[in-house]
Amino acid sequence: MDERDLECYLKRRGIWHRFISKPETVHTADAAKVSGIALSRITKNLVSETDIGEHVLLIVPGNRKVDLPAAANALGVGNVALIPFNKSQSVSGYTPGGTPSLGHKTEIRSVLDESLLSCETVFCGGGSRDRLLELRPCDIVEFGGAFIARISKNP
């Protein structure tokens, strides 16, 4: 998949969105620096795998760390581990640094950190490393099927 597929997905479903161009970055801290957007509003979209082999997407604010035991508990599994960068694209369809919070190649269960609900909008990967996608957290839940749980902690 690429950014054109993502844009078509969003338009077909009538999801409010806005793309923002930026210099190419991989990490949220770098995206915040080059875009001027607060790190707390840029999400980490972490492709992960449960101990039963299910792929999941953990969505947490860029200024926080994912709490893997809390994520496992929220998902009702024994363990969750992050998938290495070089393997995440085969699951989501997007390169790390460009992974959006919804609209993936395969259907994937997603967990949105509850702290993101305090934001009117958040920014995630826009399908490529040189774009951010602005979305409403409520749309990530409604259209992306994400459920809400506390899955982050301070670094």
# chains A, B, ... in the order shown; residues from 1 in each chain; ligands from 1
$ residues_around --residues "A:Val47" --least-positions-apart "2" --cutoff "6 Å" --atoms "only C-alpha atoms" --output "PyMOL selection string"
chain A and resi 56-57+83+88
$ residues_around --residues "A:Ile148" --least-positions-apart "2" --cutoff "9 Å" --atoms "only C-alpha atoms" --output "PyMOL selection string"
chain A and resi 74+110-114+117+141+146+150-151
$ closest_atom_pairs --of "stretch 46-96 of chain A" --to "stretch 126-140 of chain A" --cutoff "9 Å" --atoms "only C-alpha atoms" --output "CSV"
residue,atom,partner,partner_atom,distance
A:Gly93,CA,A:Gly127,CA,8.8
A:Tyr94,CA,A:Gly127,CA,6.1
A:Thr95,CA,A:Ser128,CA,6.7
A:Pro96,CA,A:Arg129,CA,7.7
$ select_by_dssp --residues "chain A" --states "alpha helix (DSSP H)" --output "ChimeraX atom specification"
/A:3-13,28-35,68-75,85-92,137-144
$ residues_around --residues "A:Arg64" --least-positions-apart "6" --cutoff "9 Å" --atoms "only C-alpha atoms" --output "list in words"
Ser40, Lys44, Ser152, Lys153, Asn154 and Pro155 of chain A
$ atom_distance --atom1 "atom CA of A:Trp16" --atom2 "atom CA of A:Ser101"
13.4 Å
$ closest_residue --among "A:Gly103, A:Ser92, A:Glu54, A:Ala70" --to "A:Cys8" --atoms "only C-alpha atoms"
A:Gly103
$ residues_around --residues "stretch 36-38 of chain A" --least-positions-apart "5" --cutoff "12 Å" --atoms "only C-alpha atoms" --output "PyMOL selection string"
chain A and resi 20-23+28-31+43+61-63+119+121-124+132-134
$ decode --residues "stretch 52-68 of chain A" --atoms "N, CA and C atoms" --output "PDB file, in the first residue's frame"
ATOM      1  N   ILE A  52      -0.083 -15.356  21.056  1.00  0.00           N
ATOM      2  CA  ILE A  52      -0.864 -16.336  20.295  1.00  0.00           C
ATOM      3  C   ILE A  52      -0.766 -16.093  18.790  1.00  0.00           C
ATOM      4  N   GLY A  53       0.160 -15.197  18.389  1.00  0.00           N
ATOM      5  CA  GLY A  53       0.438 -14.973  16.981  1.00  0.00           C
ATOM      6  C   GLY A  53      -0.447 -13.956  16.290  1.00  0.00           C
ATOM      7  N   GLU A  54      -1.256 -13.224  17.055  1.00  0.00           N
ATOM      8  CA  GLU A  54      -2.123 -12.196  16.463  1.00  0.00           C
ATOM      9  C   GLU A  54      -1.348 -10.892  16.318  1.00  0.00           C
ATOM     10  N   HIS A  55      -1.455 -10.277  15.142  1.00  0.00           N
ATOM     11  CA  HIS A  55      -0.849  -8.964  14.945  1.00  0.00           C
ATOM     12  C   HIS A  55      -1.802  -7.900  15.468  1.00  0.00           C
ATOM     13  N   VAL A  56      -1.240  -6.922  16.169  1.00  0.00           N
ATOM     14  CA  VAL A  56      -2.015  -5.826  16.736  1.00  0.00           C
ATOM     15  C   VAL A  56      -1.261  -4.520  16.517  1.00  0.00           C
ATOM     16  N   LEU A  57      -2.006  -3.414  16.559  1.00  0.00           N
ATOM     17  CA  LEU A  57      -1.401  -2.094  16.445  1.00  0.00           C
ATOM     18  C   LEU A  57      -1.620  -1.362  17.757  1.00  0.00           C
ATOM     19  N   LEU A  58      -0.540  -0.921  18.368  1.00  0.00           N
ATOM     20  CA  LEU A  58      -0.599  -0.172  19.617  1.00  0.00           C
ATOM     21  C   LEU A  58      -0.358   1.299  19.291  1.00  0.00           C
ATOM     22  N   ILE A  59      -1.318   2.154  19.628  1.00  0.00           N
ATOM     23  CA  ILE A  59      -1.259   3.574  19.271  1.00  0.00           C
ATOM     24  C   ILE A  59      -1.086   4.376  20.552  1.00  0.00           C
ATOM     25  N   VAL A  60       0.093   4.992  20.706  1.00  0.00           N
ATOM     26  CA  VAL A  60       0.407   5.754  21.917  1.00  0.00           C
ATOM     27  C   VAL A  60       0.980   7.120  21.531  1.00  0.00           C
ATOM     28  N   PRO A  61       0.883   8.104  22.441  1.00  0.00           N
ATOM     29  CA  PRO A  61       1.461   9.424  22.154  1.00  0.00           C
ATOM     30  C   PRO A  61       2.972   9.345  21.998  1.00  0.00           C
ATOM     31  N   GLY A  62       3.513  10.188  21.163  1.00  0.00           N
ATOM     32  CA  GLY A  62       4.947  10.193  20.893  1.00  0.00           C
ATOM     33  C   GLY A  62       5.806  10.530  22.091  1.00  0.00           C
ATOM     34  N   ASN A  63       5.249  11.198  23.089  1.00  0.00           N
ATOM     35  CA  ASN A  63       6.042  11.586  24.258  1.00  0.00           C
ATOM     36  C   ASN A  63       5.961  10.553  25.383  1.00  0.00           C
ATOM     37  N   ARG A  64       5.355   9.392  25.103  1.00  0.00           N
ATOM     38  CA  ARG A  64       5.216   8.345  26.115  1.00  0.00           C
ATOM     39  C   ARG A  64       5.748   7.025  25.574  1.00  0.00           C
ATOM     40  N   LYS A  65       5.967   6.076  26.468  1.00  0.00           N
ATOM     41  CA  LYS A  65       6.413   4.729  26.079  1.00  0.00           C
ATOM     42  C   LYS A  65       5.221   3.795  26.125  1.00  0.00           C
ATOM     43  N   VAL A  66       5.235   2.799  25.252  1.00  0.00           N
ATOM     44  CA  VAL A  66       4.193   1.786  25.320  1.00  0.00           C
ATOM     45  C   VAL A  66       4.457   0.919  26.549  1.00  0.00           C
ATOM     46  N   ASP A  67       3.388   0.592  27.251  1.00  0.00           N
ATOM     47  CA  ASP A  67       3.443  -0.290  28.408  1.00  0.00           C
ATOM     48  C   ASP A  67       2.966  -1.660  27.928  1.00  0.00           C
ATOM     49  N   LEU A  68       3.919  -2.523  27.548  1.00  0.00           N
ATOM     50  CA  LEU A  68       3.563  -3.816  26.948  1.00  0.00           C
ATOM     51  C   LEU A  68       2.751  -4.719  27.878  1.00  0.00           C
TER      52      LEU A  68
END
